[in-house]
$ cat entry-v4.cif   # mmCIF, C-alpha atoms
data_run
loop_
_atom_site.label_atom_id
_atom_site.label_comp_id
_atom_site.auth_asym_id
_atom_site.auth_seq_id
_atom_site.Cartn_x
_atom_site.Cartn_y
_atom_site.Cartn_z
CA MET L 1 124.63 -3.29 132.84
CA ALA L 2 124.31 -2.73 129.09
CA LYS L 3 124.06 0.82 127.82
CA ILE L 4 122.42 2.22 124.68
CA LEU L 5 123.69 5.62 123.52
CA LEU L 6 121.46 7.71 121.27
CA PHE L 7 122.79 10.81 119.53
CA GLY L 8 119.93 13.19 118.71
CA ALA L 9 116.53 13.84 120.28
CA GLY L 10 114.77 15.61 117.42
CA LYS L 11 111.49 14.99 115.60
CA SER L 12 112.21 11.36 114.75
CA ALA L 13 113.47 10.37 118.21
CA THR L 14 110.26 10.54 120.27
CA SER L 15 109.00 6.98 119.72
CA LEU L 16 112.50 5.53 119.70
CA ILE L 17 113.28 6.96 123.13
CA ARG L 18 109.96 5.75 124.51
CA TYR L 19 110.56 2.24 123.14
CA LEU L 20 114.14 2.09 124.43
CA ILE L 21 112.96 3.10 127.90
CA GLU L 22 110.24 0.42 127.81
CA VAL L 23 112.70 -2.37 126.98
CA ALA L 24 115.57 -1.04 129.10
CA GLY L 25 113.73 -1.55 132.40
CA PRO L 26 113.13 -5.31 132.03
CA GLY L 27 116.54 -5.75 130.42
CA GLY L 28 118.36 -3.92 133.19
CA TRP L 29 119.82 -1.54 130.63
CA THR L 30 120.55 2.19 130.62
CA VAL L 31 119.56 4.63 127.88
CA VAL L 32 121.71 7.74 127.36
CA VAL L 33 120.38 10.49 125.10
CA ALA L 34 123.11 12.87 123.90
CA GLU L 35 121.96 16.21 122.51
CA SER L 36 123.30 19.71 121.97
CA ASN L 37 119.94 20.89 123.36
CA VAL L 38 119.89 19.02 126.66
CA GLU L 39 116.49 20.45 127.61
CA LEU L 40 115.02 18.72 124.58
CA ALA L 41 116.61 15.42 125.61
CA LEU L 42 115.35 15.82 129.19
CA ALA L 43 111.83 16.42 127.92
CA LYS L 44 111.98 13.28 125.79
CA ILE L 45 113.18 10.95 128.58
CA ALA L 46 110.52 12.42 130.90
CA GLY L 47 112.24 11.45 134.14
CA ALA L 48 112.57 7.74 133.37
CA ALA L 49 114.75 6.03 135.98
CA CYS L 50 116.67 3.99 133.40
CA ALA L 51 117.50 6.99 131.20
CA ARG L 52 119.63 10.10 131.40
CA ALA L 53 120.28 13.08 129.16
CA VAL L 54 123.68 14.58 128.47
CA GLN L 55 124.68 17.71 126.60
CA VAL L 56 127.26 17.19 123.89
CA ASP L 57 128.74 18.95 120.91
CA VAL L 58 129.10 16.08 118.44
CA GLY L 59 132.06 17.91 116.93
CA ASP L 60 133.96 17.52 120.21
CA GLU L 61 135.92 14.35 119.48
CA GLU L 62 137.06 13.77 123.06
CA ALA L 63 133.56 14.10 124.50
CA ARG L 64 132.08 11.99 121.72
CA ASP L 65 134.64 9.22 122.17
CA ARG L 66 134.06 9.17 125.90
CA LEU L 67 130.31 8.69 125.52
CA VAL L 68 130.72 6.06 122.82
CA GLY L 69 133.30 4.19 124.87
CA GLU L 70 130.85 3.91 127.76
CA ALA L 71 128.11 2.40 125.56
CA ASP L 72 127.46 -1.05 124.12
CA VAL L 73 125.28 -0.02 121.17
CA VAL L 74 125.23 3.44 119.57
CA ILE L 75 122.32 4.89 117.58
CA SER L 76 122.69 8.08 115.56
CA LEU L 77 119.65 10.16 114.64
CA LEU L 78 121.82 13.15 113.82
CA PRO L 79 121.74 14.81 110.38
CA PRO L 80 123.25 12.32 107.89
CA ALA L 81 126.46 14.30 107.39
CA LEU L 82 127.31 13.86 111.08
CA HIS L 83 127.02 10.06 111.15
CA PHE L 84 130.61 9.82 109.94
CA LEU L 85 131.88 11.49 113.11
CA VAL L 86 129.95 9.02 115.25
CA ALA L 87 131.11 6.14 113.06
CA GLN L 88 134.76 7.09 113.58
CA SER L 89 134.25 7.09 117.33
CA CYS L 90 132.51 3.71 117.15
CA LEU L 91 135.46 2.25 115.28
CA ARG L 92 137.96 3.68 117.74
CA LYS L 93 135.99 2.38 120.72
CA ARG L 94 134.79 -0.84 119.03
CA ARG L 95 131.05 -0.24 119.41
CA HIS L 96 128.11 -1.24 117.19
CA LEU L 97 126.40 1.58 115.28
CA LEU L 98 122.83 1.89 113.98
CA THR L 99 121.47 4.68 111.77
CA ALA L 100 118.32 5.31 109.72
CA SER L 101 120.20 7.03 106.88
CA TYR L 102 121.42 5.88 103.49
CA VAL L 103 124.97 4.55 103.27
CA ASP L 104 126.92 7.55 101.96
CA GLU L 105 130.40 7.54 100.48
CA ASN L 106 132.08 8.39 103.79
CA ILE L 107 130.45 5.47 105.58
CA ARG L 108 131.02 3.17 102.61
CA GLY L 109 134.71 4.06 102.80
CA LEU L 110 134.82 2.49 106.27
CA ALA L 111 133.42 -0.86 105.08
CA LYS L 112 136.69 -2.80 105.12
CA GLU L 113 137.63 -1.52 108.57
CA VAL L 114 134.15 -2.29 109.90
CA ASP L 115 134.26 -5.79 108.41
CA ASN L 116 137.61 -6.45 110.07
CA SER L 117 136.49 -5.08 113.43
CA GLY L 118 133.82 -7.66 114.21
CA LEU L 119 131.28 -4.85 114.64
CA LEU L 120 127.87 -4.31 113.10
CA PHE L 121 127.29 -0.98 111.39
CA LEU L 122 123.64 -1.19 110.40
CA CYS L 123 122.43 1.66 108.16
CA GLU L 124 119.10 2.30 106.41
CA MET L 125 117.26 0.99 109.49
CA GLY L 126 114.39 3.47 109.61
CA LEU L 127 111.27 3.87 107.50
CA ASP L 128 112.49 4.71 104.02
CA PRO L 129 115.09 3.36 103.92
CA GLY L 130 114.42 0.56 106.39
CA ILE L 131 110.89 -0.79 106.70
CA ASP L 132 110.65 -0.51 102.92
CA HIS L 133 113.55 -2.97 102.45
CA MET L 134 112.35 -5.42 105.07
CA SER L 135 108.70 -5.49 104.05
CA ALA L 136 109.56 -5.61 100.34
CA LEU L 137 111.79 -8.64 100.76
CA HIS L 138 109.16 -10.42 102.84
CA PHE L 139 106.46 -9.65 100.24
CA ILE L 140 108.67 -10.61 97.28
CA GLY L 141 109.35 -13.96 98.96
CA GLU L 142 105.61 -14.58 99.31
CA VAL L 143 104.87 -13.69 95.68
CA LYS L 144 107.70 -15.87 94.37
CA GLU L 145 106.02 -18.90 95.90
CA SER L 146 103.19 -18.66 93.33
CA ALA L 147 104.78 -16.68 90.49
CA ASP L 148 106.47 -18.06 87.40
CA ARG L 149 108.37 -14.80 87.20
CA ILE L 150 108.15 -11.26 88.56
CA ILE L 151 107.98 -8.61 85.84
CA SER L 152 107.63 -5.36 87.80
CA PHE L 153 108.23 -3.99 91.28
CA LEU L 154 107.31 -0.52 92.52
CA SER L 155 107.77 0.58 96.13
CA HIS L 156 106.12 3.82 97.28
CA THR L 157 106.55 5.63 100.61
CA GLY L 158 105.28 8.99 101.80
CA GLY L 159 105.12 11.04 104.97
CA LEU L 160 101.80 12.89 104.67
CA VAL L 161 99.14 14.49 106.84
CA THR L 162 95.87 12.72 107.54
CA PRO L 163 92.94 13.94 105.44
CA GLU L 164 91.40 15.71 108.46
CA SER L 165 94.65 17.67 109.01
CA ASP L 166 95.04 18.58 105.34
CA ASN L 167 94.10 22.26 105.28
CA ASN L 168 96.64 24.12 103.15
CA PRO L 169 97.14 24.39 99.37
CA TRP L 170 100.29 22.24 99.51
CA HIS L 171 98.42 19.36 101.18
CA TYR L 172 101.59 18.83 103.18
CA LYS L 173 103.09 19.62 106.59
CA ILE L 174 106.55 19.09 108.06
CA SER L 175 106.74 15.93 110.17
CA TRP L 176 110.48 15.20 109.82
CA ASN L 177 113.81 16.91 109.15
CA PRO L 178 112.86 20.08 107.21
CA ARG L 179 116.23 20.28 105.44
CA ASN L 180 115.59 16.87 103.95
CA VAL L 181 112.29 18.18 102.60
CA VAL L 182 114.04 21.18 101.03
CA ARG L 183 116.70 19.06 99.37
CA ALA L 184 114.55 16.05 98.43
CA GLY L 185 115.32 14.89 94.92
CA ALA L 186 118.61 16.80 94.70
CA ALA L 187 120.51 13.64 93.74
CA GLY L 188 118.20 13.08 90.79
CA ALA L 189 116.79 9.61 90.18
CA MET L 190 117.55 6.42 88.27
CA PHE L 191 115.30 3.42 87.84
CA ARG L 192 114.40 0.66 85.42
CA GLU L 193 111.28 0.96 83.27
CA GLU L 194 110.21 -1.76 80.84
CA GLY L 195 113.75 -3.03 80.52
CA ARG L 196 115.54 0.29 80.07
CA VAL L 197 117.38 2.50 82.55
CA VAL L 198 115.73 5.88 83.07
CA SER L 199 117.67 8.83 84.48
CA ARG L 200 116.06 12.01 85.78
CA ASP L 201 117.82 15.21 86.76
CA TYR L 202 116.83 17.19 89.86
CA ALA L 203 113.99 19.30 88.48
CA SER L 204 112.54 16.65 86.18
CA VAL L 205 112.18 14.30 89.15
CA PHE L 206 109.10 16.33 90.09
CA GLU L 207 107.83 16.97 86.57
CA ARG L 208 106.98 13.44 85.47
CA THR L 209 105.03 11.70 88.19
CA GLY L 210 102.81 8.65 88.58
CA GLN L 211 99.76 7.80 90.67
CA ILE L 212 98.51 5.07 92.98
CA GLY L 213 95.27 4.55 94.88
CA VAL L 214 95.06 3.92 98.62
CA ALA L 215 91.75 3.27 100.38
CA GLU L 216 92.43 5.66 103.27
CA THR L 217 93.58 8.59 101.11
CA GLY L 218 92.32 8.10 97.58
CA VAL L 219 94.72 8.96 94.76
CA LEU L 220 98.33 9.85 95.64
CA GLU L 221 101.08 10.95 93.27
CA TRP L 222 104.63 9.68 93.29
CA TYR L 223 108.03 10.84 92.11
CA PRO L 224 111.10 8.57 91.76
CA ASN L 225 113.37 8.42 94.79
CA ARG L 226 117.14 8.53 94.29
CA ASP L 227 118.92 5.64 92.55
CA SER L 228 116.76 2.52 92.59
CA LEU L 229 119.19 0.40 90.58
CA PRO L 230 121.46 -0.91 93.39
CA TYR L 231 118.42 -2.46 95.09
CA ILE L 232 117.43 -4.66 92.13
CA ASP L 233 119.97 -7.36 92.89
CA LEU L 234 119.66 -6.86 96.66
CA TYR L 235 115.96 -7.70 96.31
CA GLY L 236 116.73 -10.71 94.12
CA LEU L 237 114.97 -9.20 91.10
CA GLY L 238 117.78 -9.08 88.54
CA GLU L 239 115.53 -9.99 85.60
CA VAL L 240 112.63 -7.65 86.42
CA GLY L 241 111.65 -5.25 83.64
CA THR L 242 110.42 -2.38 85.83
CA PHE L 243 111.88 -1.48 89.23
CA VAL L 244 111.38 1.88 90.90
CA ARG L 245 111.35 3.23 94.45
CA THR L 246 109.30 6.38 94.93
CA THR L 247 108.15 9.10 97.31
CA LEU L 248 104.43 9.82 97.77
CA ARG L 249 102.63 13.16 98.00
CA TYR L 250 99.05 14.31 97.63
CA PRO L 251 98.24 15.35 94.04
CA GLY L 252 99.41 18.86 93.17
CA TYR L 253 102.47 19.01 95.43
CA CYS L 254 104.96 18.20 92.68
CA ARG L 255 103.36 20.70 90.31
CA GLY L 256 104.19 23.41 92.85
CA TRP L 257 107.60 22.10 93.87
CA ALA L 258 109.21 21.57 90.44
CA PRO L 259 109.30 25.32 89.60
CA ILE L 260 110.86 26.05 93.00
CA VAL L 261 113.69 23.70 92.07
CA ARG L 262 113.95 25.18 88.57
CA ALA L 263 114.22 28.68 90.08
CA GLY L 264 117.15 27.66 92.30
CA LEU L 265 115.35 28.30 95.58
CA THR L 266 116.58 25.01 97.04
CA ASP L 267 120.26 25.76 96.34
CA ASP L 268 122.54 25.14 99.31
CA VAL L 269 125.86 26.26 97.81
CA VAL L 270 125.71 29.80 96.40
CA ALA L 271 125.92 32.56 99.03
CA LEU L 272 123.01 35.00 99.14
CA PRO L 273 123.56 38.72 98.49
CA GLN L 274 123.06 40.96 101.51
CA GLY L 275 119.88 42.93 102.13
CA LEU L 276 117.44 40.80 100.14
CA THR L 277 113.73 40.68 100.78
CA VAL L 278 111.93 37.35 100.46
CA ALA L 279 110.23 38.64 97.30
CA GLN L 280 113.61 39.55 95.78
CA TRP L 281 115.05 36.17 96.75
CA ALA L 282 112.07 34.42 95.14
CA ALA L 283 112.06 36.61 91.99
CA PRO L 284 113.56 33.82 89.80
CA LEU L 285 110.31 31.93 90.41
CA LEU L 286 108.12 34.57 88.76
CA PRO L 287 108.33 33.17 85.18
CA TYR L 288 106.92 29.89 86.53
CA VAL L 289 103.96 31.36 88.41
CA THR L 290 100.58 30.27 87.05
CA VAL L 291 96.96 30.44 88.11
CA GLU L 292 97.30 26.88 89.41
CA ASN L 293 100.32 27.45 91.66
CA ARG L 294 100.02 31.11 92.70
CA GLU L 295 98.03 30.26 95.84
CA MET L 296 100.66 27.70 96.87
CA TYR L 297 103.47 30.26 96.60
CA SER L 298 101.46 32.97 98.34
CA PHE L 299 100.79 30.60 101.21
CA LEU L 300 104.54 30.14 101.68
CA GLY L 301 105.05 33.91 101.67
CA LEU L 302 107.24 33.90 98.57
CA PHE L 303 105.92 37.28 97.43
CA ASP L 304 106.30 39.01 100.83
CA VAL L 305 108.38 42.20 100.92
CA VAL L 306 110.08 41.38 104.20
CA PRO L 307 113.77 40.72 104.96
CA VAL L 308 115.03 37.19 104.47
CA PRO L 309 115.52 35.42 107.82
CA ALA L 310 118.52 36.56 109.82
CA GLY L 311 121.40 34.13 109.40
CA ALA L 312 120.23 32.76 106.06
CA ARG L 313 123.38 32.09 104.04
CA VAL L 314 122.03 30.21 101.03
CA ALA L 315 118.68 29.93 99.27
CA ALA L 316 117.84 26.66 101.00
CA ASP L 317 118.03 28.41 104.39
CA VAL L 318 115.29 30.84 103.38
CA LEU L 319 113.08 28.12 101.97
CA GLN L 320 113.57 25.94 105.03
CA TYR L 321 112.48 28.81 107.29
CA LEU L 322 109.35 29.38 105.22
CA LEU L 323 108.46 25.68 105.22
CA GLU L 324 108.98 25.40 108.98
CA THR L 325 106.79 28.43 109.68
CA ARG L 326 104.07 28.06 107.02
CA LEU L 327 103.83 24.25 106.80
CA ALA L 328 104.29 23.49 110.49
CA MET L 329 102.15 20.85 112.13
CA HIS L 330 99.81 22.31 114.75
CA PRO L 331 99.55 20.50 118.10
CA GLU L 332 96.32 18.74 117.13
CA ASP L 333 97.49 17.75 113.65
CA LYS L 334 98.10 14.12 112.78
CA ASP L 335 100.58 12.87 110.25
CA MET L 336 100.34 9.67 108.26
CA ILE L 337 102.78 7.21 106.73
CA VAL L 338 101.72 5.41 103.58
CA MET L 339 103.82 2.64 102.06
CA GLN L 340 102.75 0.42 99.21
CA HIS L 341 104.61 -2.26 97.30
CA GLU L 342 103.23 -3.24 93.88
CA ILE L 343 104.37 -6.47 92.25
CA GLY L 344 103.44 -7.49 88.73
CA TYR L 345 104.07 -11.14 87.95
CA VAL L 346 103.15 -14.00 85.64
CA SER L 347 101.53 -17.15 87.00
CA GLY L 348 100.19 -19.93 84.80
CA GLY L 349 100.60 -17.73 81.76
CA LYS L 350 98.46 -14.93 83.22
CA ARG L 351 99.62 -11.46 84.24
CA MET L 352 98.79 -10.78 87.87
CA ARG L 353 99.25 -7.89 90.33
CA ARG L 354 99.47 -7.87 94.12
CA THR L 355 99.95 -5.03 96.58
CA SER L 356 101.10 -4.79 100.18
CA THR L 357 100.06 -1.57 101.92
CA LEU L 358 100.92 0.06 105.23
CA VAL L 359 99.07 3.05 106.66
CA VAL L 360 100.15 4.42 110.05
CA LYS L 361 98.59 7.51 111.62
CA GLY L 362 100.18 9.65 114.31
CA ASP L 363 98.53 10.66 117.59
CA ASP L 364 99.45 14.35 117.44
CA SER L 365 102.24 16.66 116.28
CA LEU L 366 104.73 15.21 118.79
CA HIS L 367 103.86 11.52 118.76
CA THR L 368 103.95 11.19 115.00
CA ALA L 369 103.67 8.26 112.65
CA MET L 370 107.00 9.40 111.18
CA ALA L 371 108.71 9.13 114.57
CA ARG L 372 107.21 5.68 115.15
CA THR L 373 108.20 4.25 111.80
CA VAL L 374 111.69 5.78 111.73
CA GLY L 375 112.52 5.10 115.37
CA LEU L 376 111.05 1.68 116.16
CA PRO L 377 113.17 -0.33 113.68
CA LEU L 378 116.30 1.17 115.26
CA GLY L 379 115.09 0.39 118.76
CA ILE L 380 114.14 -3.17 117.89
CA ALA L 381 117.51 -3.78 116.22
CA ALA L 382 119.33 -2.43 119.29
CA LYS L 383 117.28 -4.71 121.54
CA LEU L 384 118.03 -7.77 119.38
CA LEU L 385 121.73 -6.93 119.40
CA LEU L 386 121.89 -6.63 123.17
CA GLU L 387 119.98 -9.89 123.54
CA GLY L 388 122.55 -11.65 121.35
CA LYS L 389 119.97 -12.48 118.67
CA VAL L 390 121.80 -10.84 115.75
CA ALA L 391 125.01 -12.49 114.57
CA LEU L 392 125.35 -10.25 111.51
CA ARG L 393 128.54 -8.19 111.39
CA GLY L 394 130.18 -5.68 109.05
CA LEU L 395 128.57 -2.78 107.17
CA ASN L 396 125.01 -3.78 106.37
CA ILE L 397 121.49 -2.67 105.53
CA PRO L 398 118.46 -4.73 106.68
CA VAL L 399 118.18 -7.23 103.83
CA ALA L 400 119.17 -10.40 105.73
CA PRO L 401 116.27 -12.64 106.88
CA GLU L 402 117.92 -13.19 110.28
CA LEU L 403 117.38 -9.48 110.87
CA TYR L 404 114.23 -8.47 109.03
CA VAL L 405 112.08 -11.45 110.06
CA PRO L 406 112.23 -10.73 113.83
CA VAL L 407 112.10 -6.97 113.28
CA LEU L 408 108.94 -7.20 111.16
CA LYS L 409 107.39 -9.49 113.78
CA GLU L 410 108.06 -6.96 116.54
CA LEU L 411 106.85 -4.08 114.35
CA ALA L 412 103.57 -5.94 113.84
CA ALA L 413 103.26 -6.31 117.61
CA GLN L 414 103.68 -2.52 117.77
CA GLY L 415 100.80 -2.00 115.31
CA ILE L 416 102.86 -1.51 112.16
CA VAL L 417 101.10 -4.04 109.94
CA PHE L 418 100.88 -4.43 106.16
CA LYS L 419 97.66 -5.43 104.40
CA GLU L 420 97.93 -7.41 101.19
CA GLY L 421 95.61 -7.28 98.24
#
$ encode --input "entry-v4.cif" --output "structure tokens"
Amino acid sequence: MAKILLFGAGKSATSLIRYLIEVAGPGGWTVVVAESNVELALAKIAGAACARAVQVDVGDEEARDRLVGEADVVISLLPPALHFLVAQSCLRKRRHLLTASYVDENIRGLAKEVDNSGLLFLCEMGLDPGIDHMSALHFIGEVKESADRIISFLSHTGGLVTPESDNNPWHYKISWNPRNVVRAGAAGAMFREEGRVVSRDYASVFERTGQIGVAETGVLEWYPNRDSLPYIDLYGLGEVGTFVRTTLRYPGYCRGWAPIVRAGLTDDVVALPQGLTVAQWAAPLLPYVTVENREMYSFLGLFDVVPVPAGARVAADVLQYLLETRLAMHPEDKDMIVMQHEIGYVSGGKRMRRTSTLVVKGDDSLHTAMARTVGLPLGIAAKLLLEGKVALRGLNIPVAPELYVPVLKELAAQGIVFKEG
């Protein structure tokens, strides 16, 4: 009996666990959910006969190796820094590994060993990264059939709230890992624009934004996401003049966030002095406060004369607490995923533009669109692996047709469908 081991049962795991349970029954498989908070894992598996929850400290190498050794496919939805621990166990026990996170330097350092092991380590198999790669490659292939040449490619993705749940001055609520929200943009950004390489530092990522229009939401703003350059050749667009991957927000968000970065309130290195109030901690922000952003900062409680949260060690800890408490999704709230690819191309001497757009709405604050779009690609890939339908091996991301074609087909069957225009 095949066994799928999942590390992590947090916000992004809900739909993945439900999908794995659905396919495990007919397949005769077992799903094991390993969590430090076993009650959370038990709640997510909801008594399913083919699933069980186990408590584990992922830092316990012996316990981790034992669980990995009993599995056939391992999925990690842990914080990105912890994937390396799971990856080491997977190499020792010769087990396939799937994650939704970017390939970091630690994982990249294992590439040769993974290649020689006959295993598949599949990273970037979530939403962004993940569905963005797969849908972009499919769309680019379609456009190339009628294009003389492609001159621009922009790929936008955002985790938002639906318009009916948008009721705060940030026009944003937390639907995924809050630490990732705090540290978004910290790596800066690089992309190609009209034939030249553009580099943005951390704060300026949020200070020079663009806009797109989406029927369901109206105008959205975007900021560049990380380093787009490595994906140019992966997407087969080496000659394209403009290539940028972005993150979407409702208009106004970046105007409020850029000063927070400038003021150092997202720092996760420098230790905080003892005895600070939130207002004292946020004092470096005061020179940036304007009529336009004051309400946003007040809503987060940045001017409150109350002690910083107990246990906060760095500025990012304080900000994360405020985001989790002030921008939390309420039970009835619905989140929304928007993804849009824009391709500019020349055909018959004329400049043309086509878009491919995905909009997915969540059911409530637990069964979110974010959880569906992050979790389902991982679940589908695990299913294909166990069915022997994926021959790919080594360290990979989902840019091979043998992988993304069947995954996109199954995603469409699950209601995750792009509309082209």
$ resolve_selection --input "entry-v4.cif" --expression "the PyMOL selection byres ((chain L and resi 401) around 12)" --output "VMD selection string"
chain L and resid 133 to 138 141 235 390 to 392 397 to 400 402 to 409
$ atom_distance --input "entry-v4.cif" --atom1 "CA of Thr162 (chain L)" --atom2 "CA of Arg326 (chain L)"
17.4 Å
$ closest_atom_pairs --input "entry-v4.cif" --of "region 304-418 of chain L" --to "region 97-111 of chain L" --cutoff "8 Å" --atoms "all atoms listed in the file" --output "JSON lines"
{"residue": "L:Val374", "atom": "CA", "partner": "L:Ala100", "partner_atom": "CA", "distance": 6.9}
{"residue": "L:Leu378", "atom": "CA", "partner": "L:Leu98", "partner_atom": "CA", "distance": 6.7}
{"residue": "L:Ala382", "atom": "CA", "partner": "L:Leu98", "partner_atom": "CA", "distance": 7.7}
{"residue": "L:Gly394", "atom": "CA", "partner": "L:Ala111", "partner_atom": "CA", "distance": 7.0}
{"residue": "L:Leu395", "atom": "CA", "partner": "L:Ala111", "partner_atom": "CA", "distance": 5.6}
$ resolve_selection --input "entry-v4.cif" --expression "the PyMOL selection byres ((chain L and resi 225-229) around 9)" --output "PyMOL selection string"
chain L and resi 156+184-192+197+199+205+222-224+230-233+243-247
$ write_last_selection --input "entry-v4.cif" --atoms "C-alpha atoms" --output "PDB file, keeping the file's coordinate frame"
ATOM      1  CA  HIS L 156     106.120   3.820  97.280  1.00  0.00           C
ATOM      2  CA  ALA L 184     114.550  16.050  98.430  1.00  0.00           C
ATOM      3  CA  GLY L 185     115.320  14.890  94.920  1.00  0.00           C
ATOM      4  CA  ALA L 186     118.610  16.800  94.700  1.00  0.00           C
ATOM      5  CA  ALA L 187     120.510  13.640  93.740  1.00  0.00           C
ATOM      6  CA  GLY L 188     118.200  13.080  90.790  1.00  0.00           C
ATOM      7  CA  ALA L 189     116.790   9.610  90.180  1.00  0.00           C
ATOM      8  CA  MET L 190     117.550   6.420  88.270  1.00  0.00           C
ATOM      9  CA  PHE L 191     115.300   3.420  87.840  1.00  0.00           C
ATOM     10  CA  ARG L 192     114.400   0.660  85.420  1.00  0.00           C
ATOM     11  CA  VAL L 197     117.380   2.500  82.550  1.00  0.00           C
ATOM     12  CA  SER L 199     117.670   8.830  84.480  1.00  0.00           C
ATOM     13  CA  VAL L 205     112.180  14.300  89.150  1.00  0.00           C
ATOM     14  CA  TRP L 222     104.630   9.680  93.290  1.00  0.00           C
ATOM     15  CA  TYR L 223     108.030  10.840  92.110  1.00  0.00           C
ATOM     16  CA  PRO L 224     111.100   8.570  91.760  1.00  0.00           C
ATOM     17  CA  PRO L 230     121.460  -0.910  93.390  1.00  0.00           C
ATOM     18  CA  TYR L 231     118.420  -2.460  95.090  1.00  0.00           C
ATOM     19  CA  ILE L 232     117.430  -4.660  92.130  1.00  0.00           C
ATOM     20  CA  ASP L 233     119.970  -7.360  92.890  1.00  0.00           C
ATOM     21  CA  PHE L 243     111.880  -1.480  89.230  1.00  0.00           C
ATOM     22  CA  VAL L 244     111.380   1.880  90.900  1.00  0.00           C
ATOM     23  CA  ARG L 245     111.350   3.230  94.450  1.00  0.00           C
ATOM     24  CA  THR L 246     109.300   6.380  94.930  1.00  0.00           C
ATOM     25  CA  THR L 247     108.150   9.100  97.310  1.00  0.00           C
TER      26      THR L 247
END
$ atom_distance --input "entry-v4.cif" --atom1 "CA of Val32 (chain L)" --atom2 "CA of Arg52 (chain L)"
5.1 Å
$ closest_residue --input "entry-v4.cif" --among "L:Thr368, L:Ser146, L:Asn293, L:Thr355" --to "Ser15 (chain L)" --atoms "all atoms listed in the file"
L:Thr368
$ residues_around --input "entry-v4.cif" --residues "Lys3 (chain L)" --least-positions-apart "3" --cutoff "8 Å" --atoms "only C-alpha atoms" --output "PDB file with C-alpha atoms, in the frame of the given file"
ATOM      1  CA  TRP L  29     119.820  -1.540 130.630  1.00  0.00           C
ATOM      2  CA  THR L  30     120.550   2.190 130.620  1.00  0.00           C
ATOM      3  CA  VAL L  31     119.560   4.630 127.880  1.00  0.00           C
ATOM      4  CA  VAL L  32     121.710   7.740 127.360  1.00  0.00           C
ATOM      5  CA  GLU L  70     130.850   3.910 127.760  1.00  0.00           C
ATOM      6  CA  ALA L  71     128.110   2.400 125.560  1.00  0.00           C
ATOM      7  CA  ASP L  72     127.460  -1.050 124.120  1.00  0.00           C
ATOM      8  CA  VAL L  73     125.280  -0.020 121.170  1.00  0.00           C
TER       9      VAL L  73
END
$ atom_distance --input "entry-v4.cif" --atom1 "CA of Asp128 (chain L)" --atom2 "CA of Thr373 (chain L)"
8.9 Å
$ closest_residue --input "entry-v4.cif" --among "L:Ser76, L:Gly130, L:Ala2, L:Lys44" --to "Arg18 (chain L)" --atoms "all atoms listed in the file"
L:Lys44
$ closest_residue --input "entry-v4.cif" --among "L:Ser365, L:Pro259, L:Leu386, L:Cys123" --to "Ser204 (chain L)" --atoms "all atoms listed in the file"
L:Pro259
$ residues_around --input "entry-v4.cif" --residues "Lys419 (chain L)" --least-positions-apart "5" --cutoff "10 Å" --atoms "all atoms listed in the file" --output "count of residues only"
6
$ residues_around --input "entry-v4.cif" --residues "Gly28 (chain L)" --least-positions-apart "4" --cutoff "12 Å" --atoms "all atoms listed in the file" --output "mmCIF file with C-alpha atoms, keeping the file's coordinate frame"
data_model
loop_
_atom_site.group_PDB
_atom_site.id
_atom_site.type_symbol
_atom_site.label_atom_id
_atom_site.label_comp_id
_atom_site.auth_asym_id
_atom_site.auth_seq_id
_atom_site.Cartn_x
_atom_site.Cartn_y
_atom_site.Cartn_z
ATOM 1 C CA MET L 1 124.630 -3.290 132.840
ATOM 2 C CA ALA L 2 124.310 -2.730 129.090
ATOM 3 C CA LYS L 3 124.060 0.820 127.820
ATOM 4 C CA ILE L 4 122.420 2.220 124.680
ATOM 5 C CA LEU L 20 114.140 2.090 124.430
ATOM 6 C CA ILE L 21 112.960 3.100 127.900
ATOM 7 C CA GLU L 22 110.240 0.420 127.810
ATOM 8 C CA VAL L 23 112.700 -2.370 126.980
ATOM 9 C CA ALA L 24 115.570 -1.040 129.100
ATOM 10 C CA ALA L 49 114.750 6.030 135.980
ATOM 11 C CA CYS L 50 116.670 3.990 133.400
ATOM 12 C CA ALA L 51 117.500 6.990 131.200
ATOM 13 C CA LYS L 383 117.280 -4.710 121.540
ATOM 14 C CA LEU L 386 121.890 -6.630 123.170
ATOM 15 C CA GLU L 387 119.980 -9.890 123.540
#
$ closest_residue --input "entry-v4.cif" --among "L:His341, L:Val318, L:Ser298, L:Gly126" --to "Arg353 (chain L)" --atoms "only C-alpha atoms"
L:His341
$ resolve_selection --input "entry-v4.cif" --expression "the PyMOL selection byres ((chain L and resi 313) around 12)" --output "ChimeraX atom specification"
/L:267-276,281,308-312,314-321
$ write_last_selection --input "entry-v4.cif" --atoms "C-alpha atoms" --output "compact mmCIF listing (two decimals), in the coordinates of the input"
# COMPACT_ATOMS: atom_id res chain seq x y z
CA ASP L 267 120.26 25.76 96.34
CA ASP L 268 122.54 25.14 99.31
CA VAL L 269 125.86 26.26 97.81
CA VAL L 270 125.71 29.80 96.40
CA ALA L 271 125.92 32.56 99.03
CA LEU L 272 123.01 35.00 99.14
CA PRO L 273 123.56 38.72 98.49
CA GLN L 274 123.06 40.96 101.51
CA GLY L 275 119.88 42.93 102.13
CA LEU L 276 117.44 40.80 100.14
CA TRP L 281 115.05 36.17 96.75
CA VAL L 308 115.03 37.19 104.47
CA PRO L 309 115.52 35.42 107.82
CA ALA L 310 118.52 36.56 109.82
CA GLY L 311 121.40 34.13 109.40
CA ALA L 312 120.23 32.76 106.06
CA VAL L 314 122.03 30.21 101.03
CA ALA L 315 118.68 29.93 99.27
CA ALA L 316 117.84 26.66 101.00
CA ASP L 317 118.03 28.41 104.39
CA VAL L 318 115.29 30.84 103.38
CA LEU L 319 113.08 28.12 101.97
CA GLN L 320 113.57 25.94 105.03
CA TYR L 321 112.48 28.81 107.29
